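Text of upload-v5.cif (mmCIF, C-alpha atoms) as supplied:
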data_run
loop_
_atom_site.label_atom_id
_atom_site.label_comp_id
_atom_site.auth_asym_id
_atom_site.auth_seq_id
_atom_site.Cartn_x
_atom_site.Cartn_y
_atom_site.Cartn_z
CA TYR O 199 22.52 21.72 22.21
CA VAL O 200 21.12 20.37 18.94
CA LYS O 201 18.14 18.70 20.60
CA ASN O 202 17.21 21.69 22.76
CA PHE O 203 17.89 24.66 20.49
CA VAL O 204 18.53 23.86 16.81
CA VAL O 205 15.50 23.91 14.50
CA SER O 206 14.43 20.49 13.23
CA ALA O 207 15.39 21.21 9.61
CA ASP O 208 19.04 21.72 10.64
CA GLN O 209 19.42 19.09 13.34
CA GLU O 210 20.72 16.19 11.26
CA ARG O 211 23.30 18.37 9.51
CA MET O 212 24.39 19.92 12.80
CA LEU O 213 24.97 16.56 14.44
CA SER O 214 27.37 15.81 11.62
CA GLU O 215 29.04 19.24 11.55
CA MET O 216 29.58 19.37 15.32
CA SER O 217 31.14 15.92 15.68
CA ILE O 218 34.74 16.04 16.89
CA ALA O 219 35.97 14.07 13.90
CA ARG O 220 34.35 16.51 11.48
CA VAL O 221 35.69 19.54 13.37
CA LEU O 222 39.24 18.19 13.39
CA GLU O 223 38.97 17.42 9.69
CA GLY O 224 37.76 20.95 9.02
CA LEU O 225 40.64 22.45 11.02
CA GLU O 226 43.31 20.24 9.46
CA ASN O 227 44.55 22.85 6.99
CA LYS O 228 42.57 25.93 8.07
CA THR O 229 42.69 28.42 10.89
CA SER O 230 38.95 28.10 11.56
CA TYR O 231 35.98 25.91 10.77
CA THR O 232 32.63 27.71 10.42
CA PHE O 233 29.00 26.88 9.65
CA THR O 234 25.56 28.28 10.44
CA CYS O 235 22.26 26.98 11.77
CA GLY O 236 18.85 28.17 12.86
CA VAL O 237 18.00 28.08 16.56
CA LEU O 238 14.89 28.85 18.59
CA GLU O 239 15.48 31.04 21.61
CA PRO O 240 12.78 31.29 24.31
CA ASP O 241 12.66 35.11 24.32
CA LEU O 242 13.70 36.02 20.76
CA GLY O 243 12.25 33.20 18.66
CA TYR O 244 14.09 32.21 15.48
CA ARG O 245 17.70 33.34 15.28
CA ARG O 246 20.51 32.46 12.90
CA LYS O 247 23.78 31.52 14.53
CA GLN O 248 27.29 31.18 13.14
CA LEU O 249 29.46 28.65 14.95
CA THR O 250 33.23 28.99 14.60
CA TYR O 251 35.80 26.45 15.80
CA GLN O 252 39.47 27.33 15.99
CA TYR O 253 42.51 25.96 17.79
CA TYR O 254 43.37 27.50 21.15
CA ASP O 255 46.31 25.10 21.33
CA ARG O 256 46.86 22.98 18.22
CA SER O 257 49.50 20.72 19.75
CA ALA O 258 47.22 19.90 22.66
CA GLN O 259 44.16 19.82 20.38
CA MET O 260 42.39 22.34 22.58
CA ILE O 261 39.63 23.93 20.54
CA LEU O 262 37.82 27.23 21.14
CA LEU O 263 34.18 27.47 20.04
CA SER O 264 32.52 30.84 19.53
CA GLN O 265 28.95 31.61 18.51
CA THR O 266 27.83 34.77 16.69
CA ASP O 267 24.29 35.98 16.05
CA ILE O 268 24.00 36.72 12.31
CA THR O 269 20.19 36.92 12.14
CA ASP O 270 20.03 40.44 10.67
CA ALA O 271 22.54 39.67 7.92
CA TYR O 272 20.87 36.32 7.23
CA LEU O 273 17.40 37.86 6.90
CA GLU O 274 18.76 40.66 4.70
CA MET O 275 20.38 38.08 2.41
CA ALA O 276 17.15 36.07 2.36
CA ARG O 277 15.20 39.20 1.35
CA TYR O 278 17.75 39.96 -1.36
CA GLN O 279 17.57 36.42 -2.73
CA GLU O 280 13.77 36.59 -2.74
CA GLU O 281 13.90 39.87 -4.66
CA ILE O 282 16.26 38.29 -7.19
CA ARG O 283 13.99 35.26 -7.51
CA ALA O 284 10.94 37.48 -7.99
CA ALA O 285 12.75 39.59 -10.59
CA ARG O 286 13.81 36.50 -12.51
CA GLN O 287 10.27 35.15 -12.36
CA GLU O 288 8.88 38.46 -13.60
CA ALA O 289 11.35 38.46 -16.48
CA ARG O 290 10.06 35.01 -17.49
CA THR O 291 6.34 35.79 -17.13
CA ASP O 292 3.83 37.26 -19.57
CA ALA O 293 2.13 40.13 -17.74
CA LEU O 294 -1.23 39.76 -19.50
CA THR O 295 -1.85 36.02 -19.06
CA GLY O 296 0.48 35.02 -16.25
CA LEU O 297 1.95 32.30 -18.47
CA CYS O 298 5.64 31.93 -19.26
CA ASN O 299 6.76 34.44 -21.85
CA LEU O 300 9.03 33.60 -24.79
CA GLN O 301 12.20 33.66 -22.68
CA GLY O 302 10.74 31.54 -19.90
CA THR O 303 9.19 29.07 -22.33
CA VAL O 304 12.37 28.58 -24.33
CA GLU O 305 14.51 28.17 -21.20
CA SER O 306 12.18 25.63 -19.60
CA ALA O 307 11.51 23.64 -22.78
CA THR O 308 15.24 23.52 -23.55
CA ALA O 309 15.99 22.26 -20.05
CA TYR O 310 13.35 19.53 -20.33
CA LEU O 311 14.70 18.40 -23.69
CA GLN O 312 18.24 18.19 -22.35
CA GLU O 313 17.38 16.47 -19.07
CA GLU O 314 14.65 14.01 -20.03
CA ASP O 315 14.85 10.96 -22.31
CA GLU O 316 11.13 10.18 -22.46
CA GLN O 317 8.87 11.11 -25.36
CA ALA O 318 7.48 14.64 -25.28
CA ALA O 319 5.26 16.73 -27.52
CA LEU O 320 5.37 20.40 -28.46
CA LEU O 321 2.09 22.06 -29.45
CA PHE O 322 2.30 25.38 -31.27
CA ILE O 323 -1.04 27.18 -31.12
CA ASP O 324 -1.85 30.20 -33.28
CA LEU O 325 -5.15 32.09 -33.03
CA ASP O 326 -6.70 32.66 -36.45
CA ASN O 327 -7.43 36.22 -37.64
CA PHE O 328 -6.53 37.70 -34.27
CA LYS O 329 -5.51 41.02 -35.82
CA SER O 330 -9.01 41.56 -37.18
CA ILE O 331 -10.44 41.12 -33.66
CA ASN O 332 -8.15 43.84 -32.35
CA ASP O 333 -8.93 46.08 -35.30
CA THR O 334 -12.71 45.72 -35.17
CA LEU O 335 -13.46 45.21 -31.47
CA GLY O 336 -10.48 46.89 -29.82
CA HIS O 337 -7.48 45.71 -27.87
CA SER O 338 -9.48 45.12 -24.69
CA ALA O 339 -11.47 42.41 -26.48
CA GLY O 340 -8.25 40.96 -27.85
CA ASP O 341 -6.67 40.93 -24.40
CA LYS O 342 -9.75 39.25 -22.92
CA LEU O 343 -9.57 36.55 -25.59
CA LEU O 344 -5.88 35.90 -24.88
CA GLN O 345 -6.62 35.56 -21.18
CA GLU O 346 -9.46 33.10 -21.84
CA VAL O 347 -7.24 31.00 -24.10
CA ALA O 348 -4.56 30.93 -21.40
CA LYS O 349 -7.12 29.65 -18.87
CA ILE O 350 -8.18 26.88 -21.26
CA LEU O 351 -4.60 25.76 -21.85
CA LEU O 352 -3.83 25.65 -18.13
CA LYS O 353 -7.05 23.76 -17.40
CA HIS O 354 -6.44 21.05 -19.99
CA VAL O 355 -2.79 20.19 -19.27
CA ARG O 356 -1.09 18.63 -16.28
CA GLN O 357 0.61 20.80 -13.69
CA SER O 358 3.96 19.34 -14.70
CA ASP O 359 3.53 20.43 -18.34
CA LEU O 360 4.65 23.80 -19.69
CA VAL O 361 2.35 26.48 -21.08
CA GLY O 362 3.65 29.73 -22.53
CA ARG O 363 2.59 32.72 -24.58
CA ILE O 364 5.43 33.26 -27.03
CA GLY O 365 3.98 35.96 -29.28
CA GLY O 366 1.01 38.26 -29.71
CA ASP O 367 -1.47 35.46 -30.45
CA GLU O 368 0.87 32.48 -30.30
CA PHE O 369 0.97 29.94 -27.50
CA LEU O 370 3.11 26.91 -26.84
CA VAL O 371 2.30 23.81 -24.81
CA TYR O 372 5.06 21.35 -23.92
CA LEU O 373 3.65 17.98 -22.87
CA ARG O 374 6.14 15.93 -20.88
CA HIS O 375 6.28 12.13 -20.64
CA VAL O 376 3.64 11.38 -23.28
CA CYS O 377 2.63 7.76 -23.87
CA SER O 378 1.59 7.87 -27.50
CA VAL O 379 1.09 10.06 -30.54
CA ASP O 380 -2.65 9.34 -30.54
CA ILE O 381 -3.09 10.69 -27.00
CA VAL O 382 -1.36 13.93 -27.99
CA LYS O 383 -3.55 14.25 -31.08
CA GLN O 384 -6.64 13.78 -28.91
CA ARG O 385 -5.38 16.44 -26.50
CA ALA O 386 -4.74 18.85 -29.37
CA THR O 387 -8.21 18.18 -30.81
CA GLN O 388 -9.76 18.86 -27.40
CA LEU O 389 -7.87 22.14 -27.06
CA HIS O 390 -8.84 23.12 -30.61
CA GLU O 391 -12.54 22.50 -29.97
CA THR O 392 -12.54 24.22 -26.58
CA ILE O 393 -10.84 27.33 -27.92
CA ASN O 394 -13.26 27.41 -30.86
CA ASP O 395 -16.15 27.23 -28.36
CA LEU O 396 -15.10 30.66 -27.08
CA SER O 397 -17.03 31.98 -30.09
CA LYS O 398 -20.28 31.23 -28.25
CA ILE O 399 -19.11 32.78 -24.99
CA MET O 400 -17.50 35.93 -26.35
CA GLY O 401 -19.81 36.58 -29.28
CA ILE O 402 -16.97 36.72 -31.81
CA THR O 403 -15.55 34.21 -34.24
CA VAL O 404 -12.68 32.39 -32.56
CA SER O 405 -10.59 29.60 -34.05
CA CYS O 406 -7.03 28.38 -33.88
CA SER O 407 -4.45 26.31 -35.69
CA ILE O 408 -2.27 23.78 -33.86
CA GLY O 409 0.96 22.21 -35.04
CA ILE O 410 2.63 19.31 -33.19
CA ALA O 411 6.24 18.14 -33.00
CA PHE O 412 7.47 15.12 -31.07
CA ALA O 413 10.75 14.62 -29.24
CA PRO O 414 13.07 12.82 -29.63
CA ALA O 415 11.58 11.79 -32.98
#
Mind turning this structure into structure tokens?
Amino acid sequence: YVKNFVVSADQERMLSEMSIARVLEGLENKTSYTFTCGVLEPDLGYRRKQLTYQYYDRSAQMILLSQTDITDAYLEMARYQEEIRAARQEARTDALTGLCNLQGTVESATAYLQEEDEQAALLFIDLDNFKSINDTLGHSAGDKLLQEVAKILLKHVRQSDLVGRIGGDEFLVYLRHVCSVDIVKQRATQLHETINDLSKIMGITVSCSIGIAFAPA
């Protein structure tokens, strides 16, 4: 049954779940033993099945196996979970830049600090005189600048690092697993220079200030 019908991702688990020893263990103190798996049916394609074992005659150890198609309920639950995941992601994302917002940045950085023992660095980046750009050139110019800064930060860090916009013109970069203080200083200098170079591209004066903190030090 497993070889011919069960999808490859579930086969190993099913071989364990369907073994007689495992079934008897599951029925030891319960009226039924139930689990689910994905199967491929020739006419219907992918379906989700619920397998239920229960005693027909406990003293004789005669077991009744029934199978129920739960595909609709499974897909509905999968859609619901995806909606929840998307909503959580949206709540953690800055709409303008696509970076993590304050909530998402704090949650992720806190988790990294609690879970990892290696040296890390936190870069706090503040655009200089950003308010004057909004006041003189308009919010569309300010928004464009924020988006360009976000692109620079993403381009110059590793995919495993964290980049967030945590305020109007404030960004945070969390560098994981850093080897030395000097490397982080070089990275910060590079970011500083690249952001300042936006002055030439956008035709406005752009500069930033960067502060660095190291963990665990």
> Contacts of Lys342 of chain O at 12 Å or less, counting all atoms listed in the file, minus same-chain residues fewer than 6 places along, as a list in words?
Replying inline: Leu294, Thr295, Phe328, Ile331, Asn332, Leu335, Gly336, Ala348, Lys349, Asp367, Leu396, Ile399, Met400 and Ile402 of chain O
>> Residue by residue, what does the PyMOL selection byres ((chain O and resi 236) around 12) grab here? Present the result as a PyMOL selection string.
In response: chain O and resi 199-200+202-209+211-212+233-235+237-239+243-249+266-269+272-273
>> I need the residue nearest Ser378 of chain O from this list: O:Glu316, O:Asp359, O:Glu280, O:Glu346. Use only C-alpha atoms for the distance.
In response: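 Smallest separation from Ser378 of chain O among the options: O:Glu316.
Between atom CA of Cys406 of chain O and atom CA of His375 of chain O there is a distance of 24.8 Å.
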> Could you spell out the hits of the PyMOL selection byres ((chain O and resi 327) around 12) on the shown file, as a list in words?
Replying inline: Asp324, Leu325, Asp326, Phe328, Lys329, Ser330, Ile331, Asn332, Asp333, Thr334, Gly340, Gly366, Asp367, Glu368, Ile402, Thr403, Val404, Ser405, Cys406 and Ser407 of chain O
Selected residues written out, C-alpha atoms, as a PDB file, keeping the file's coordinate frame:
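Output saved as selection-v4.pdb:
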ATOM      1  CA  ASP O 324      -1.850  30.200 -33.280  1.00  0.00           C
ATOM      2  CA  LEU O 325      -5.150  32.090 -33.030  1.00  0.00           C
ATOM      3  CA  ASP O 326      -6.700  32.660 -36.450  1.00  0.00           C
ATOM      4  CA  PHE O 328      -6.530  37.700 -34.270  1.00  0.00           C
ATOM      5  CA  LYS O 329      -5.510  41.020 -35.820  1.00  0.00           C
ATOM      6  CA  SER O 330      -9.010  41.560 -37.180  1.00  0.00           C
ATOM      7  CA  ILE O 331     -10.440  41.120 -33.660  1.00  0.00           C
ATOM      8  CA  ASN O 332      -8.150  43.840 -32.350  1.00  0.00           C
ATOM      9  CA  ASP O 333      -8.930  46.080 -35.300  1.00  0.00           C
ATOM     10  CA  THR O 334     -12.710  45.720 -35.170  1.00  0.00           C
ATOM     11  CA  GLY O 340      -8.250  40.960 -27.850  1.00  0.00           C
ATOM     12  CA  GLY O 366       1.010  38.260 -29.710  1.00  0.00           C
ATOM     13  CA  ASP O 367      -1.470  35.460 -30.450  1.00  0.00           C
ATOM     14  CA  GLU O 368       0.870  32.480 -30.300  1.00  0.00           C
ATOM     15  CA  ILE O 402     -16.970  36.720 -31.810  1.00  0.00           C
ATOM     16  CA  THR O 403     -15.550  34.210 -34.240  1.00  0.00           C
ATOM     17  CA  VAL O 404     -12.680  32.390 -32.560  1.00  0.00           C
ATOM     18  CA  SER O 405     -10.590  29.600 -34.050  1.00  0.00           C
ATOM     19  CA  CYS O 406      -7.030  28.380 -33.880  1.00  0.00           C
ATOM     20  CA  SER O 407      -4.450  26.310 -35.690  1.00  0.00           C
TER      21      SER O 407
END
>> Rounded to one decimal, what separation in Å do you get between atom CA of Arg220 of chain O and atom CA of Ser264 of chain O?
In response: 16.5 Å
>> Given all atoms listed in the file as the basis, pick out the residue of O:Leu320, O:Gln252, O:Thr308, O:His390 nearest to Ala415 of chain O.
In response: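 Closest to Ala415 of chain O of all the choices is O:Leu320.
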Export segment 358-400 of chain O from the structure block above, keeping N, CA and C atoms, as a PDB file, in the first residue's frame.
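Wrote it out as part-v6.pdb, contents follow:
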ATOM      1  N   SER O 358      21.378  35.469   5.185  1.00  0.00           N
ATOM      2  CA  SER O 358      21.071  35.012   6.541  1.00  0.00           C
ATOM      3  C   SER O 358      21.016  36.147   7.556  1.00  0.00           C
ATOM      4  N   ASP O 359      21.475  37.348   7.176  1.00  0.00           N
ATOM      5  CA  ASP O 359      21.442  38.488   8.083  1.00  0.00           C
ATOM      6  C   ASP O 359      20.039  39.102   8.098  1.00  0.00           C
ATOM      7  N   LEU O 360      19.835  40.020   9.017  1.00  0.00           N
ATOM      8  CA  LEU O 360      18.520  40.640   9.193  1.00  0.00           C
ATOM      9  C   LEU O 360      18.594  42.122   8.857  1.00  0.00           C
ATOM     10  N   VAL O 361      17.651  42.575   8.037  1.00  0.00           N
ATOM     11  CA  VAL O 361      17.565  43.994   7.692  1.00  0.00           C
ATOM     12  C   VAL O 361      16.151  44.480   7.983  1.00  0.00           C
ATOM     13  N   GLY O 362      16.026  45.577   8.705  1.00  0.00           N
ATOM     14  CA  GLY O 362      14.709  46.091   9.028  1.00  0.00           C
ATOM     15  C   GLY O 362      14.649  47.609   8.972  1.00  0.00           C
ATOM     16  N   ARG O 363      13.467  48.116   8.710  1.00  0.00           N
ATOM     17  CA  ARG O 363      13.200  49.548   8.849  1.00  0.00           C
ATOM     18  C   ARG O 363      12.399  49.713  10.135  1.00  0.00           C
ATOM     19  N   ILE O 364      12.972  50.398  11.113  1.00  0.00           N
ATOM     20  CA  ILE O 364      12.366  50.424  12.438  1.00  0.00           C
ATOM     21  C   ILE O 364      11.790  51.780  12.798  1.00  0.00           C
ATOM     22  N   GLY O 365      11.902  52.742  11.893  1.00  0.00           N
ATOM     23  CA  GLY O 365      11.333  54.061  12.114  1.00  0.00           C
ATOM     24  C   GLY O 365      11.213  54.779  10.799  1.00  0.00           C
ATOM     25  N   GLY O 366      10.845  56.047  10.822  1.00  0.00           N
ATOM     26  CA  GLY O 366      10.673  56.797   9.584  1.00  0.00           C
ATOM     27  C   GLY O 366      11.896  56.754   8.700  1.00  0.00           C
ATOM     28  N   ASP O 367      13.064  57.107   9.253  1.00  0.00           N
ATOM     29  CA  ASP O 367      14.308  57.103   8.477  1.00  0.00           C
ATOM     30  C   ASP O 367      15.389  56.296   9.178  1.00  0.00           C
ATOM     31  N   GLU O 368      14.962  55.332   9.977  1.00  0.00           N
ATOM     32  CA  GLU O 368      15.893  54.526  10.774  1.00  0.00           C
ATOM     33  C   GLU O 368      15.847  53.070  10.320  1.00  0.00           C
ATOM     34  N   PHE O 369      17.023  52.523  10.109  1.00  0.00           N
ATOM     35  CA  PHE O 369      17.163  51.135   9.673  1.00  0.00           C
ATOM     36  C   PHE O 369      18.045  50.378  10.655  1.00  0.00           C
ATOM     37  N   LEU O 370      17.876  49.081  10.655  1.00  0.00           N
ATOM     38  CA  LEU O 370      18.703  48.238  11.520  1.00  0.00           C
ATOM     39  C   LEU O 370      19.189  47.032  10.722  1.00  0.00           C
ATOM     40  N   VAL O 371      20.470  46.747  10.861  1.00  0.00           N
ATOM     41  CA  VAL O 371      21.057  45.562  10.232  1.00  0.00           C
ATOM     42  C   VAL O 371      21.670  44.698  11.333  1.00  0.00           C
ATOM     43  N   TYR O 372      21.249  43.443  11.386  1.00  0.00           N
ATOM     44  CA  TYR O 372      21.794  42.492  12.356  1.00  0.00           C
ATOM     45  C   TYR O 372      22.672  41.510  11.596  1.00  0.00           C
ATOM     46  N   LEU O 373      23.971  41.571  11.843  1.00  0.00           N
ATOM     47  CA  LEU O 373      24.930  40.693  11.172  1.00  0.00           C
ATOM     48  C   LEU O 373      25.217  39.491  12.070  1.00  0.00           C
ATOM     49  N   ARG O 374      24.888  38.317  11.597  1.00  0.00           N
ATOM     50  CA  ARG O 374      25.074  37.101  12.386  1.00  0.00           C
ATOM     51  C   ARG O 374      26.455  36.500  12.118  1.00  0.00           C
ATOM     52  N   HIS O 375      26.983  35.816  13.122  1.00  0.00           N
ATOM     53  CA  HIS O 375      28.209  35.036  12.992  1.00  0.00           C
ATOM     54  C   HIS O 375      29.352  35.870  12.400  1.00  0.00           C
ATOM     55  N   VAL O 376      29.668  36.980  13.017  1.00  0.00           N
ATOM     56  CA  VAL O 376      30.747  37.835  12.501  1.00  0.00           C
ATOM     57  C   VAL O 376      32.085  37.380  13.073  1.00  0.00           C
ATOM     58  N   CYS O 377      33.128  37.488  12.241  1.00  0.00           N
ATOM     59  CA  CYS O 377      34.441  36.982  12.627  1.00  0.00           C
ATOM     60  C   CYS O 377      35.238  37.981  13.463  1.00  0.00           C
ATOM     61  N   SER O 378      35.104  39.265  13.141  1.00  0.00           N
ATOM     62  CA  SER O 378      35.910  40.248  13.839  1.00  0.00           C
ATOM     63  C   SER O 378      35.244  41.615  13.815  1.00  0.00           C
ATOM     64  N   VAL O 379      35.683  42.468  14.736  1.00  0.00           N
ATOM     65  CA  VAL O 379      35.177  43.833  14.813  1.00  0.00           C
ATOM     66  C   VAL O 379      35.573  44.605  13.559  1.00  0.00           C
ATOM     67  N   ASP O 380      36.800  44.385  13.090  1.00  0.00           N
ATOM     68  CA  ASP O 380      37.293  45.125  11.923  1.00  0.00           C
ATOM     69  C   ASP O 380      36.443  44.869  10.687  1.00  0.00           C
ATOM     70  N   ILE O 381      36.026  43.612  10.485  1.00  0.00           N
ATOM     71  CA  ILE O 381      35.198  43.284   9.322  1.00  0.00           C
ATOM     72  C   ILE O 381      33.872  44.038   9.391  1.00  0.00           C
ATOM     73  N   VAL O 382      33.296  44.122  10.583  1.00  0.00           N
ATOM     74  CA  VAL O 382      32.026  44.834  10.744  1.00  0.00           C
ATOM     75  C   VAL O 382      32.221  46.318  10.471  1.00  0.00           C
ATOM     76  N   LYS O 383      33.323  46.880  10.950  1.00  0.00           N
ATOM     77  CA  LYS O 383      33.601  48.294  10.694  1.00  0.00           C
ATOM     78  C   LYS O 383      33.754  48.557   9.195  1.00  0.00           C
ATOM     79  N   GLN O 384      34.413  47.630   8.499  1.00  0.00           N
ATOM     80  CA  GLN O 384      34.561  47.769   7.049  1.00  0.00           C
ATOM     81  C   GLN O 384      33.202  47.707   6.355  1.00  0.00           C
ATOM     82  N   ARG O 385      32.350  46.793   6.823  1.00  0.00           N
ATOM     83  CA  ARG O 385      31.011  46.672   6.242  1.00  0.00           C
ATOM     84  C   ARG O 385      30.218  47.950   6.480  1.00  0.00           C
ATOM     85  N   ALA O 386      30.303  48.503   7.678  1.00  0.00           N
ATOM     86  CA  ALA O 386      29.584  49.732   7.996  1.00  0.00           C
ATOM     87  C   ALA O 386      30.095  50.898   7.147  1.00  0.00           C
ATOM     88  N   THR O 387      31.411  50.964   6.964  1.00  0.00           N
ATOM     89  CA  THR O 387      31.999  52.021   6.136  1.00  0.00           C
ATOM     90  C   THR O 387      31.514  51.915   4.696  1.00  0.00           C
ATOM     91  N   GLN O 388      31.449  50.675   4.197  1.00  0.00           N
ATOM     92  CA  GLN O 388      30.966  50.443   2.832  1.00  0.00           C
ATOM     93  C   GLN O 388      29.513  50.879   2.691  1.00  0.00           C
ATOM     94  N   LEU O 389      28.684  50.526   3.654  1.00  0.00           N
ATOM     95  CA  LEU O 389      27.280  50.932   3.618  1.00  0.00           C
ATOM     96  C   LEU O 389      27.155  52.446   3.668  1.00  0.00           C
ATOM     97  N   HIS O 390      27.956  53.074   4.536  1.00  0.00           N
ATOM     98  CA  HIS O 390      27.938  54.525   4.692  1.00  0.00           C
ATOM     99  C   HIS O 390      28.268  55.215   3.370  1.00  0.00           C
ATOM    100  N   GLU O 391      29.319  54.753   2.720  1.00  0.00           N
ATOM    101  CA  GLU O 391      29.751  55.366   1.464  1.00  0.00           C
ATOM    102  C   GLU O 391      28.732  55.142   0.344  1.00  0.00           C
ATOM    103  N   THR O 392      28.168  53.928   0.299  1.00  0.00           N
ATOM    104  CA  THR O 392      27.209  53.616  -0.764  1.00  0.00           C
ATOM    105  C   THR O 392      25.925  54.420  -0.611  1.00  0.00           C
ATOM    106  N   ILE O 393      25.474  54.567   0.622  1.00  0.00           N
ATOM    107  CA  ILE O 393      24.275  55.383   0.856  1.00  0.00           C
ATOM    108  C   ILE O 393      24.556  56.840   0.516  1.00  0.00           C
ATOM    109  N   ASN O 394      25.738  57.338   0.902  1.00  0.00           N
ATOM    110  CA  ASN O 394      26.096  58.719   0.569  1.00  0.00           C
ATOM    111  C   ASN O 394      26.154  58.938  -0.948  1.00  0.00           C
ATOM    112  N   ASP O 395      26.530  57.886  -1.685  1.00  0.00           N
ATOM    113  CA  ASP O 395      26.624  58.002  -3.148  1.00  0.00           C
ATOM    114  C   ASP O 395      25.261  58.200  -3.808  1.00  0.00           C
ATOM    115  N   LEU O 396      24.179  57.963  -3.056  1.00  0.00           N
ATOM    116  CA  LEU O 396      22.852  58.218  -3.606  1.00  0.00           C
ATOM    117  C   LEU O 396      22.666  59.696  -3.941  1.00  0.00           C
ATOM    118  N   SER O 397      23.495  60.549  -3.365  1.00  0.00           N
ATOM    119  CA  SER O 397      23.430  61.989  -3.661  1.00  0.00           C
ATOM    120  C   SER O 397      23.600  62.220  -5.158  1.00  0.00           C
ATOM    121  N   LYS O 398      24.527  61.479  -5.780  1.00  0.00           N
ATOM    122  CA  LYS O 398      24.804  61.659  -7.203  1.00  0.00           C
ATOM    123  C   LYS O 398      23.640  61.131  -8.055  1.00  0.00           C
ATOM    124  N   ILE O 399      23.022  60.056  -7.595  1.00  0.00           N
ATOM    125  CA  ILE O 399      21.972  59.412  -8.376  1.00  0.00           C
ATOM    126  C   ILE O 399      20.661  60.190  -8.279  1.00  0.00           C
ATOM    127  N   MET O 400      20.345  60.646  -7.066  1.00  0.00           N
ATOM    128  CA  MET O 400      19.044  61.255  -6.830  1.00  0.00           C
ATOM    129  C   MET O 400      19.061  62.783  -6.923  1.00  0.00           C
TER     130      MET O 400
END
